[in-house]
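Source file query35.cif; content: mmCIF, C-alpha atoms.
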```
data_structure
#
loop_
_atom_site.label_atom_id
_atom_site.label_comp_id
_atom_site.auth_asym_id
_atom_site.auth_seq_id
_atom_site.Cartn_x
_atom_site.Cartn_y
_atom_site.Cartn_z
CA ASP A 27 7.70 -17.35 6.02
CA GLY A 28 8.02 -20.67 7.86
CA SER A 29 6.93 -19.18 11.18
CA VAL A 30 3.39 -18.45 9.94
CA VAL A 31 1.07 -21.17 11.17
CA GLY A 32 -2.28 -19.52 10.50
CA GLY A 33 -4.28 -16.35 10.50
CA SER A 34 -7.29 -14.70 9.00
CA PHE A 35 -8.30 -12.11 6.44
CA ARG A 36 -9.45 -8.55 6.90
CA PHE A 37 -13.17 -8.11 7.41
CA GLY A 38 -15.20 -6.67 4.57
CA VAL A 39 -18.88 -6.20 3.86
CA ALA A 40 -20.43 -6.45 0.41
CA ALA A 41 -22.44 -3.43 -0.71
CA PRO A 42 -25.95 -3.50 0.74
CA PRO A 43 -28.96 -3.26 -1.56
CA ALA A 44 -29.59 0.18 -3.06
CA ASP A 45 -32.84 0.62 -1.07
CA THR A 46 -31.07 0.21 2.29
CA PRO A 47 -31.72 3.26 4.51
CA ARG A 48 -28.82 5.70 4.78
CA LEU A 49 -28.61 5.20 8.54
CA GLU A 50 -28.02 1.46 8.01
CA HIS A 51 -25.35 2.25 5.39
CA ALA A 52 -23.62 4.48 7.96
CA ALA A 53 -23.97 1.84 10.69
CA LEU A 54 -22.38 -0.78 8.41
CA ALA A 55 -19.48 1.59 7.75
CA VAL A 56 -18.98 2.12 11.49
CA THR A 57 -19.13 -1.64 12.12
CA TYR A 58 -16.63 -2.25 9.35
CA THR A 59 -14.26 0.34 10.83
CA PHE A 60 -14.52 -0.94 14.40
CA TYR A 61 -14.02 -4.56 13.32
CA GLY A 62 -10.84 -3.46 11.56
CA TRP A 63 -9.57 -1.67 14.67
CA ARG A 64 -10.42 -4.66 16.85
CA VAL A 65 -8.37 -6.97 14.65
CA ARG A 66 -5.39 -4.62 14.53
CA LEU A 67 -5.41 -3.75 18.24
CA LEU A 68 -6.61 -6.97 19.88
CA SER A 69 -5.98 -9.64 17.23
CA CYS A 70 -9.56 -10.70 17.85
CA THR A 71 -11.10 -12.24 14.77
CA GLU A 72 -14.18 -14.34 14.13
CA GLY A 73 -15.64 -16.55 11.43
CA ASP A 74 -16.33 -13.63 9.09
CA HIS A 75 -12.56 -13.12 8.90
CA ALA A 76 -12.12 -16.61 7.38
CA PRO A 77 -9.63 -17.95 9.94
CA PHE A 78 -7.21 -20.65 8.89
CA VAL A 79 -4.34 -22.72 10.30
CA ILE A 80 -1.92 -25.22 8.83
CA ARG A 81 -3.13 -28.81 8.94
CA GLU A 82 -0.75 -29.84 11.75
CA PHE A 83 -2.16 -27.12 14.00
CA TYR A 84 -5.73 -27.92 13.03
CA GLU A 85 -5.22 -31.52 14.10
CA ARG A 86 -3.39 -30.55 17.31
CA MET A 87 -6.24 -28.16 18.15
CA GLY A 88 -8.79 -30.93 17.71
CA GLY A 89 -10.40 -29.17 14.73
CA HIS A 90 -13.32 -26.81 15.16
CA PRO A 91 -15.24 -27.12 18.41
CA GLU A 92 -18.72 -28.48 17.86
CA TRP A 93 -20.41 -25.60 19.63
CA PRO A 94 -23.72 -23.98 18.66
CA LEU A 95 -22.29 -20.44 18.92
CA VAL A 96 -18.89 -18.71 19.31
CA GLU A 97 -17.08 -21.77 17.93
CA ASP A 98 -15.15 -19.39 15.68
CA LEU A 99 -13.87 -17.45 18.69
CA GLU A 100 -12.82 -20.62 20.46
CA PHE A 101 -11.10 -21.84 17.28
CA GLN A 102 -9.13 -18.59 17.12
CA ARG A 103 -8.28 -18.69 20.83
CA ARG A 104 -6.91 -22.22 20.50
CA ALA A 105 -4.98 -21.29 17.36
CA TRP A 106 -3.38 -18.19 18.91
CA ARG A 107 -2.49 -20.11 22.08
CA LEU A 108 -0.91 -22.99 20.15
CA ALA A 109 0.99 -20.57 17.92
CA ALA A 110 2.40 -18.76 20.96
CA GLU A 111 3.38 -22.03 22.65
CA SER A 112 5.17 -23.30 19.55
CA GLY A 113 6.86 -20.06 18.50
CA GLY A 114 4.64 -19.72 15.43
CA ARG A 115 2.93 -16.60 14.14
CA MET A 116 -0.66 -15.82 13.23
CA VAL A 117 -1.13 -13.18 10.54
CA VAL A 118 -3.89 -11.04 9.10
CA VAL A 119 -3.79 -11.30 5.32
CA PRO A 120 -4.29 -7.81 3.81
CA VAL A 121 -7.19 -8.98 1.64
CA GLU A 122 -10.82 -8.51 2.70
CA THR A 123 -13.49 -11.13 2.96
CA LEU A 124 -16.81 -9.91 1.59
CA CYS A 125 -19.59 -10.80 3.98
CA ASP A 126 -23.20 -10.47 3.00
CA PRO A 127 -24.81 -7.62 5.00
CA ARG A 128 -28.22 -9.31 5.25
CA ARG A 129 -27.77 -10.66 8.78
CA TRP A 130 -27.12 -7.14 10.04
CA LEU A 131 -29.89 -5.54 7.99
CA VAL A 132 -32.58 -8.02 9.09
CA LYS A 133 -32.27 -7.25 12.81
CA GLY A 134 -30.60 -3.87 12.46
CA VAL A 135 -26.89 -3.20 12.19
CA LEU A 136 -26.40 -1.62 15.60
CA ARG A 137 -28.53 -4.20 17.39
CA THR A 138 -26.74 -7.11 15.72
CA THR A 139 -23.31 -5.63 16.39
CA TRP A 140 -24.26 -4.97 20.03
CA ASN A 141 -25.56 -8.55 20.49
CA ASN A 142 -22.41 -9.97 18.91
CA THR A 143 -20.22 -7.84 21.16
CA LEU A 144 -22.13 -8.94 24.26
CA CYS A 145 -21.77 -12.61 23.33
CA TYR A 146 -18.06 -12.29 22.56
CA THR A 147 -17.39 -10.40 25.78
CA ALA A 148 -19.47 -12.81 27.87
CA HIS A 149 -17.53 -15.73 26.42
CA TRP A 150 -13.99 -14.26 26.46
CA VAL A 151 -14.15 -12.28 29.70
CA LEU A 152 -16.77 -14.04 31.80
CA GLY A 153 -16.45 -17.59 30.49
CA VAL A 154 -20.13 -17.95 29.59
CA GLY A 155 -20.62 -21.23 27.72
CA PRO A 156 -21.77 -21.57 24.11
CA ARG A 157 -25.17 -23.15 24.88
CA THR A 158 -26.08 -20.29 27.23
CA LEU A 159 -24.92 -17.75 24.68
CA TYR A 160 -27.02 -19.46 22.02
CA ARG A 161 -30.12 -19.13 24.24
CA TRP A 162 -29.36 -15.43 24.79
CA TYR A 163 -28.76 -14.79 21.10
CA TYR A 164 -31.59 -16.80 19.56
CA GLY A 165 -34.05 -17.02 22.47
CA ARG A 166 -34.22 -20.82 22.38
CA ASP A 167 -32.14 -23.88 23.17
CA PRO A 168 -29.81 -25.18 20.47
CA ASP A 169 -31.04 -28.26 18.66
#
```

As C-alpha coordinates, the full file:
Amino acid sequence: DGSVVGGSFRFGVAAPPADTPRLEHAALAVTYTFYGWRVRLLSCTEGDHAPFVIREFYERMGGHPEWPLVEDLEFQRRAWRLAAESGGRMVVVPVETLCDPRRWLVKGVLRTTWNNTLCYTAHWVLGVGPRTLYRWYYGRDPD
(Lines of atoms letter the chains of each structure in order from A and count residues from 1; the text may use other names and numbers.)
(Lines give C-alpha, C1' and ligand atoms only; values in the text may rest on other atoms or scores of the structure.)
Protein backbone atom coordinates (compact mmCIF):
# COMPACT_ATOMS: atom_id res chain seq x y z
CA ASP A 1 0.00 0.00 0.00
CA GLY A 2 1.69 3.19 -1.19
CA SER A 3 -0.08 5.36 1.39
CA VAL A 4 1.70 3.68 4.33
CA VAL A 5 4.57 5.89 5.45
CA GLY A 6 5.33 4.30 8.80
CA GLY A 7 3.98 2.68 11.90
CA SER A 8 4.87 0.38 14.72
CA PHE A 9 4.37 -3.16 15.96
CA ARG A 10 2.09 -4.49 18.65
CA PHE A 11 3.55 -4.50 22.14
CA GLY A 12 4.56 -7.81 23.64
CA VAL A 13 6.43 -8.90 26.74
CA ALA A 14 8.71 -11.93 26.90
CA ALA A 15 7.88 -14.47 29.60
CA PRO A 16 9.27 -13.39 32.97
CA PRO A 17 11.53 -15.73 34.92
CA ALA A 18 9.79 -18.70 36.54
CA ASP A 19 10.46 -17.38 40.07
CA THR A 20 8.60 -14.10 39.40
CA PRO A 21 5.81 -13.62 41.98
CA ARG A 22 2.30 -14.32 40.69
CA LEU A 23 1.20 -10.77 41.43
CA GLU A 24 3.93 -9.44 39.11
CA HIS A 25 2.86 -11.94 36.42
CA ALA A 26 -0.69 -10.61 36.72
CA ALA A 27 0.51 -6.99 36.66
CA LEU A 28 2.49 -7.66 33.47
CA ALA A 29 -0.62 -9.16 31.88
CA VAL A 30 -2.66 -6.07 32.82
CA THR A 31 0.07 -3.77 31.46
CA TYR A 32 0.21 -5.76 28.24
CA THR A 33 -3.57 -5.52 27.84
CA PHE A 34 -3.76 -1.78 28.57
CA TYR A 35 -0.87 -1.01 26.21
CA GLY A 36 -2.76 -2.86 23.49
CA TRP A 37 -5.93 -0.87 24.15
CA ARG A 38 -3.99 2.39 24.19
CA VAL A 39 -2.51 1.67 20.77
CA ARG A 40 -5.85 0.67 19.27
CA LEU A 41 -7.86 3.52 20.79
CA LEU A 42 -5.37 6.40 20.85
CA SER A 43 -2.70 5.36 18.34
CA CYS A 44 -0.21 6.16 21.09
CA THR A 45 2.92 4.06 20.77
CA GLU A 46 6.39 4.28 22.23
CA GLY A 47 9.84 2.83 21.68
CA ASP A 48 8.84 -0.65 22.85
CA HIS A 49 6.51 -0.80 19.85
CA ALA A 50 9.50 -0.48 17.46
CA PRO A 51 8.26 2.57 15.54
CA PHE A 52 9.41 3.08 11.97
CA VAL A 53 8.95 5.48 9.06
CA ILE A 54 10.10 5.51 5.47
CA ARG A 55 13.45 7.22 4.92
CA GLU A 56 11.95 10.33 3.30
CA PHE A 57 9.80 10.94 6.37
CA TYR A 58 12.66 10.23 8.74
CA GLU A 59 14.75 12.89 7.03
CA ARG A 60 11.86 15.39 6.88
CA MET A 61 11.24 14.82 10.60
CA GLY A 62 14.88 15.55 11.38
CA GLY A 63 15.48 12.00 12.63
CA HIS A 64 15.08 11.08 16.27
CA PRO A 65 15.15 13.96 18.74
CA GLU A 66 18.25 13.87 20.90
CA TRP A 67 16.30 13.97 24.14
CA PRO A 68 17.18 12.14 27.36
CA LEU A 69 13.63 10.80 27.81
CA VAL A 70 10.35 10.57 25.83
CA GLU A 71 12.22 10.90 22.53
CA ASP A 72 10.20 7.94 21.28
CA LEU A 73 6.94 9.77 21.97
CA GLU A 74 8.16 12.88 20.20
CA PHE A 75 9.32 10.76 17.25
CA GLN A 76 5.86 9.24 16.99
CA ARG A 77 4.12 12.60 17.34
CA ARG A 78 6.21 14.06 14.51
CA ALA A 79 5.62 10.99 12.36
CA TRP A 80 1.84 11.01 12.84
CA ARG A 81 1.67 14.76 12.20
CA LEU A 82 3.73 14.52 9.00
CA ALA A 83 1.69 11.54 7.81
CA ALA A 84 -1.56 13.47 8.34
CA GLU A 85 -0.20 16.55 6.56
CA SER A 86 0.95 14.54 3.55
CA GLY A 87 -2.04 12.21 3.26
CA GLY A 88 0.00 9.20 4.36
CA ARG A 89 -0.99 6.49 6.80
CA MET A 90 0.65 5.08 9.90
CA VAL A 91 -0.13 1.44 10.66
CA VAL A 92 0.23 -1.01 13.51
CA VAL A 93 1.76 -4.22 12.18
CA PRO A 94 -0.09 -7.21 13.70
CA VAL A 95 3.13 -8.77 14.98
CA GLU A 96 4.32 -8.30 18.56
CA THR A 97 7.65 -7.03 19.73
CA LEU A 98 8.99 -9.03 22.67
CA CYS A 99 10.27 -6.69 25.33
CA ASP A 100 12.31 -7.96 28.23
CA PRO A 101 10.25 -7.63 31.45
CA ARG A 102 13.27 -6.85 33.66
CA ARG A 103 12.78 -3.08 33.73
CA TRP A 104 9.28 -3.57 35.14
CA LEU A 105 10.29 -6.31 37.56
CA VAL A 106 13.21 -4.36 39.06
CA LYS A 107 11.09 -1.42 40.26
CA GLY A 108 7.75 -3.20 40.25
CA VAL A 109 5.37 -3.50 37.34
CA LEU A 110 2.65 -1.21 38.65
CA ARG A 111 5.10 1.44 39.84
CA THR A 112 6.98 1.45 36.53
CA THR A 113 3.78 1.57 34.49
CA TRP A 114 2.46 4.41 36.69
CA ASN A 115 5.71 6.40 36.32
CA ASN A 116 5.69 5.89 32.56
CA THR A 117 2.08 7.02 32.34
CA LEU A 118 2.81 10.14 34.39
CA CYS A 119 5.75 11.06 32.17
CA TYR A 120 3.82 10.48 28.95
CA THR A 121 0.84 12.48 30.20
CA ALA A 122 3.02 15.31 31.51
CA HIS A 123 4.75 15.53 28.14
CA TRP A 124 1.73 15.11 25.82
CA VAL A 125 -0.87 17.03 27.81
CA LEU A 126 1.09 19.53 29.87
CA GLY A 127 4.11 20.05 27.62
CA VAL A 128 6.68 19.19 30.30
CA GLY A 129 10.12 19.04 28.69
CA PRO A 130 12.31 15.94 28.42
CA ARG A 131 15.05 17.13 30.82
CA THR A 132 12.49 17.81 33.57
CA LEU A 133 10.87 14.44 32.95
CA TYR A 134 14.26 12.76 33.17
CA ARG A 135 14.85 14.35 36.59
CA TRP A 136 11.42 13.16 37.77
CA TYR A 137 11.95 9.65 36.43
CA TYR A 138 15.56 9.04 37.47
CA GLY A 139 15.97 11.54 40.32
CA ARG A 140 19.01 13.23 38.74
CA ASP A 141 19.94 15.50 35.86
CA PRO A 142 20.68 13.88 32.51
CA ASP A 143 24.35 13.65 31.63

**Request:** Apply the PyMOL selection byres ((chain A and resi 99-112) around 7) to the structure shown and report the selected residues as a VMD selection string.
**Result:** chain A and resid 31 72 87 90 to 91 96 to 98 113 to 116

With C-alpha atoms kept, could you save the residues just selected as a CSV table (one decimal), in the frame of the given file?
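New file selection_21.csv:
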```
chain,number,residue,atom,x,y,z
A,31,VAL,CA,1.1,-21.2,11.2
A,72,GLU,CA,-14.2,-14.3,14.1
A,87,MET,CA,-6.2,-28.2,18.2
A,90,HIS,CA,-13.3,-26.8,15.2
A,91,PRO,CA,-15.2,-27.1,18.4
A,96,VAL,CA,-18.9,-18.7,19.3
A,97,GLU,CA,-17.1,-21.8,17.9
A,98,ASP,CA,-15.2,-19.4,15.7
A,113,GLY,CA,6.9,-20.1,18.5
A,114,GLY,CA,4.6,-19.7,15.4
A,115,ARG,CA,2.9,-16.6,14.1
A,116,MET,CA,-0.7,-15.8,13.2
```

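With CA of Trp93 in chain A on one side and CA of Arg157 in chain A on the other, the separation reads 7.5 Å.
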
Please tabulate, as CSV, the residues of range 58-94 of chain A that come within 12 Å of range 138-147 of chain A, each with its closest pair of atoms and the distance in Å to one decimal, counting only C-alpha atoms and ordering rows by chain, then residue number upward.
```
residue,atom,partner,partner_atom,distance
A:Tyr58,CA,A:Thr139,CA,10.3
A:Phe60,CA,A:Thr139,CA,10.2
A:Tyr61,CA,A:Thr139,CA,9.8
A:Arg64,CA,A:Thr143,CA,11.2
A:Cys70,CA,A:Tyr146,CA,9.8
A:Thr71,CA,A:Tyr146,CA,10.4
A:Glu72,CA,A:Tyr146,CA,9.5
```

Keeping C-alpha atoms, export the residues of the selection given above as a JSON list (two decimals), in the coordinates of the input.
```json
[["chain", "number", "residue", "atom", "x", "y", "z"],
["A", 58, "TYR", "CA", -16.63, -2.25, 9.35],
["A", 60, "PHE", "CA", -14.52, -0.94, 14.40],
["A", 61, "TYR", "CA", -14.02, -4.56, 13.32],
["A", 64, "ARG", "CA", -10.42, -4.66, 16.85],
["A", 70, "CYS", "CA", -9.56, -10.70, 17.85],
["A", 71, "THR", "CA", -11.10, -12.24, 14.77],
["A", 72, "GLU", "CA", -14.18, -14.34, 14.13]]
```

**Fill in**
Students should find that CA of Val39 in chain A and CA of Ala76 in chain A are spaced 12.9 Å

**Request:** Can you work out the spacing between CA of Leu124 in chain A and CA of Gly73 in chain A in Å, to one decimal?
**Result:**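 That distance, rounded to one decimal, is 11.9 Å.
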
Explicit residue set for the PyMOL selection byres ((chain A and resi 159) around 9), as a short mmCIF file (atom, residue, chain, number, x, y, z; two decimals) with C-alpha atoms, keeping the file's coordinate frame:
```cif
data_model
loop_
_atom_site.label_atom_id
_atom_site.label_comp_id
_atom_site.auth_asym_id
_atom_site.auth_seq_id
_atom_site.Cartn_x
_atom_site.Cartn_y
_atom_site.Cartn_z
CA PRO A 94 -23.72 -23.98 18.66
CA LEU A 95 -22.29 -20.44 18.92
CA VAL A 96 -18.89 -18.71 19.31
CA CYS A 145 -21.77 -12.61 23.33
CA ALA A 148 -19.47 -12.81 27.87
CA HIS A 149 -17.53 -15.73 26.42
CA VAL A 154 -20.13 -17.95 29.59
CA GLY A 155 -20.62 -21.23 27.72
CA PRO A 156 -21.77 -21.57 24.11
CA ARG A 157 -25.17 -23.15 24.88
CA THR A 158 -26.08 -20.29 27.23
CA TYR A 160 -27.02 -19.46 22.02
CA ARG A 161 -30.12 -19.13 24.24
CA TRP A 162 -29.36 -15.43 24.79
CA TYR A 163 -28.76 -14.79 21.10
CA TYR A 164 -31.59 -16.80 19.56
#
```

Could you list, as a tab-separated table (two decimals) with C-alpha atoms, in the coordinates of the input, every residue matched by the PyMOL selection byres ((chain A and resi 42-45) around 12) in this structure?
```
chain	number	residue	atom	x	y	z
A	38	GLY	CA	-15.20	-6.67	4.57
A	39	VAL	CA	-18.88	-6.20	3.86
A	40	ALA	CA	-20.43	-6.45	0.41
A	41	ALA	CA	-22.44	-3.43	-0.71
A	46	THR	CA	-31.07	0.21	2.29
A	47	PRO	CA	-31.72	3.26	4.51
A	48	ARG	CA	-28.82	5.70	4.78
A	49	LEU	CA	-28.61	5.20	8.54
A	50	GLU	CA	-28.02	1.46	8.01
A	51	HIS	CA	-25.35	2.25	5.39
A	52	ALA	CA	-23.62	4.48	7.96
A	53	ALA	CA	-23.97	1.84	10.69
A	54	LEU	CA	-22.38	-0.78	8.41
A	55	ALA	CA	-19.48	1.59	7.75
A	124	LEU	CA	-16.81	-9.91	1.59
A	125	CYS	CA	-19.59	-10.80	3.98
A	126	ASP	CA	-23.20	-10.47	3.00
A	127	PRO	CA	-24.81	-7.62	5.00
A	128	ARG	CA	-28.22	-9.31	5.25
A	129	ARG	CA	-27.77	-10.66	8.78
A	130	TRP	CA	-27.12	-7.14	10.04
A	131	LEU	CA	-29.89	-5.54	7.99
A	132	VAL	CA	-32.58	-8.02	9.09
A	135	VAL	CA	-26.89	-3.20	12.19
```

**Message:** Given only C-alpha atoms as the basis, pick out the residue of A:Val121, A:Val79, A:Leu136, A:Val151 nearest to Gly33 in chain A.
**Reply:** A:Val79

**Asked** Which of these, A:Gly134, A:Pro120, A:Ile80, A:Asp169, has the shortest distance to Ser29 in chain A once you count all atoms listed in the file?
**Response**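 Of the candidates, the smallest distance to Ser29 in chain A is held by A:Ile80.
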
Output requested as a tab-separated table (two decimals), keeping the file's coordinate frame - range 141-168 of chain A, filled out with N, CA and C atoms.
```
chain	number	residue	atom	x	y	z
A	141	ASN	N	-25.35	-7.17	20.02
A	141	ASN	CA	-25.56	-8.55	20.49
A	141	ASN	C	-24.30	-9.39	20.29
A	142	ASN	N	-23.65	-9.23	19.15
A	142	ASN	CA	-22.41	-9.97	18.91
A	142	ASN	C	-21.35	-9.60	19.94
A	143	THR	N	-21.21	-8.31	20.20
A	143	THR	CA	-20.22	-7.84	21.16
A	143	THR	C	-20.50	-8.38	22.55
A	144	LEU	N	-21.77	-8.39	22.95
A	144	LEU	CA	-22.13	-8.94	24.26
A	144	LEU	C	-21.78	-10.42	24.35
A	145	CYS	N	-22.08	-11.17	23.32
A	145	CYS	CA	-21.77	-12.61	23.33
A	145	CYS	C	-20.26	-12.83	23.38
A	146	TYR	N	-19.51	-12.11	22.57
A	146	TYR	CA	-18.06	-12.29	22.56
A	146	TYR	C	-17.46	-11.94	23.92
A	147	THR	N	-17.91	-10.83	24.49
A	147	THR	CA	-17.39	-10.40	25.78
A	147	THR	C	-17.77	-11.39	26.87
A	148	ALA	N	-19.02	-11.85	26.86
A	148	ALA	CA	-19.47	-12.81	27.87
A	148	ALA	C	-18.64	-14.10	27.79
A	149	HIS	N	-18.32	-14.50	26.58
A	149	HIS	CA	-17.53	-15.73	26.42
A	149	HIS	C	-16.07	-15.50	26.82
A	150	TRP	N	-15.42	-14.49	26.23
A	150	TRP	CA	-13.99	-14.26	26.46
A	150	TRP	C	-13.68	-13.82	27.88
A	151	VAL	N	-14.47	-12.89	28.40
A	151	VAL	CA	-14.15	-12.28	29.70
A	151	VAL	C	-14.78	-13.04	30.86
A	152	LEU	N	-16.04	-13.43	30.69
A	152	LEU	CA	-16.77	-14.04	31.80
A	152	LEU	C	-16.84	-15.56	31.73
A	153	GLY	N	-16.44	-16.13	30.61
A	153	GLY	CA	-16.45	-17.59	30.49
A	153	GLY	C	-17.82	-18.21	30.30
A	154	VAL	N	-18.79	-17.43	29.83
A	154	VAL	CA	-20.13	-17.95	29.59
A	154	VAL	C	-20.06	-18.97	28.46
A	155	GLY	N	-20.69	-20.13	28.67
A	155	GLY	CA	-20.62	-21.23	27.72
A	155	GLY	C	-21.44	-21.00	26.47
A	156	PRO	N	-21.13	-21.76	25.41
A	156	PRO	CA	-21.77	-21.57	24.11
A	156	PRO	C	-23.27	-21.88	24.10
A	157	ARG	N	-23.74	-22.84	24.87
A	157	ARG	CA	-25.17	-23.15	24.88
A	157	ARG	C	-25.96	-22.01	25.53
A	158	THR	N	-25.43	-21.44	26.59
A	158	THR	CA	-26.08	-20.29	27.23
A	158	THR	C	-26.10	-19.10	26.29
A	159	LEU	N	-24.98	-18.86	25.63
A	159	LEU	CA	-24.92	-17.75	24.68
A	159	LEU	C	-25.91	-17.94	23.53
A	160	TYR	N	-26.06	-19.15	23.08
A	160	TYR	CA	-27.02	-19.46	22.02
A	160	TYR	C	-28.44	-19.09	22.47
A	161	ARG	N	-28.78	-19.47	23.71
A	161	ARG	CA	-30.12	-19.13	24.24
A	161	ARG	C	-30.30	-17.62	24.30
A	162	TRP	N	-29.28	-16.89	24.73
A	162	TRP	CA	-29.36	-15.43	24.79
A	162	TRP	C	-29.55	-14.86	23.40
A	163	TYR	N	-28.79	-15.36	22.45
A	163	TYR	CA	-28.76	-14.79	21.10
A	163	TYR	C	-30.01	-15.10	20.31
A	164	TYR	N	-30.46	-16.36	20.38
A	164	TYR	CA	-31.59	-16.80	19.56
A	164	TYR	C	-32.90	-16.96	20.34
A	165	GLY	N	-32.84	-16.89	21.67
A	165	GLY	CA	-34.05	-17.02	22.47
A	165	GLY	C	-34.62	-18.43	22.55
A	166	ARG	N	-33.79	-19.42	22.30
A	166	ARG	CA	-34.22	-20.82	22.38
A	166	ARG	C	-32.99	-21.70	22.58
A	167	ASP	N	-33.24	-22.93	23.00
A	167	ASP	CA	-32.14	-23.88	23.17
A	167	ASP	C	-31.63	-24.33	21.81
A	168	PRO	N	-30.33	-24.63	21.73
A	168	PRO	CA	-29.81	-25.18	20.47
A	168	PRO	C	-30.37	-26.56	20.24
```
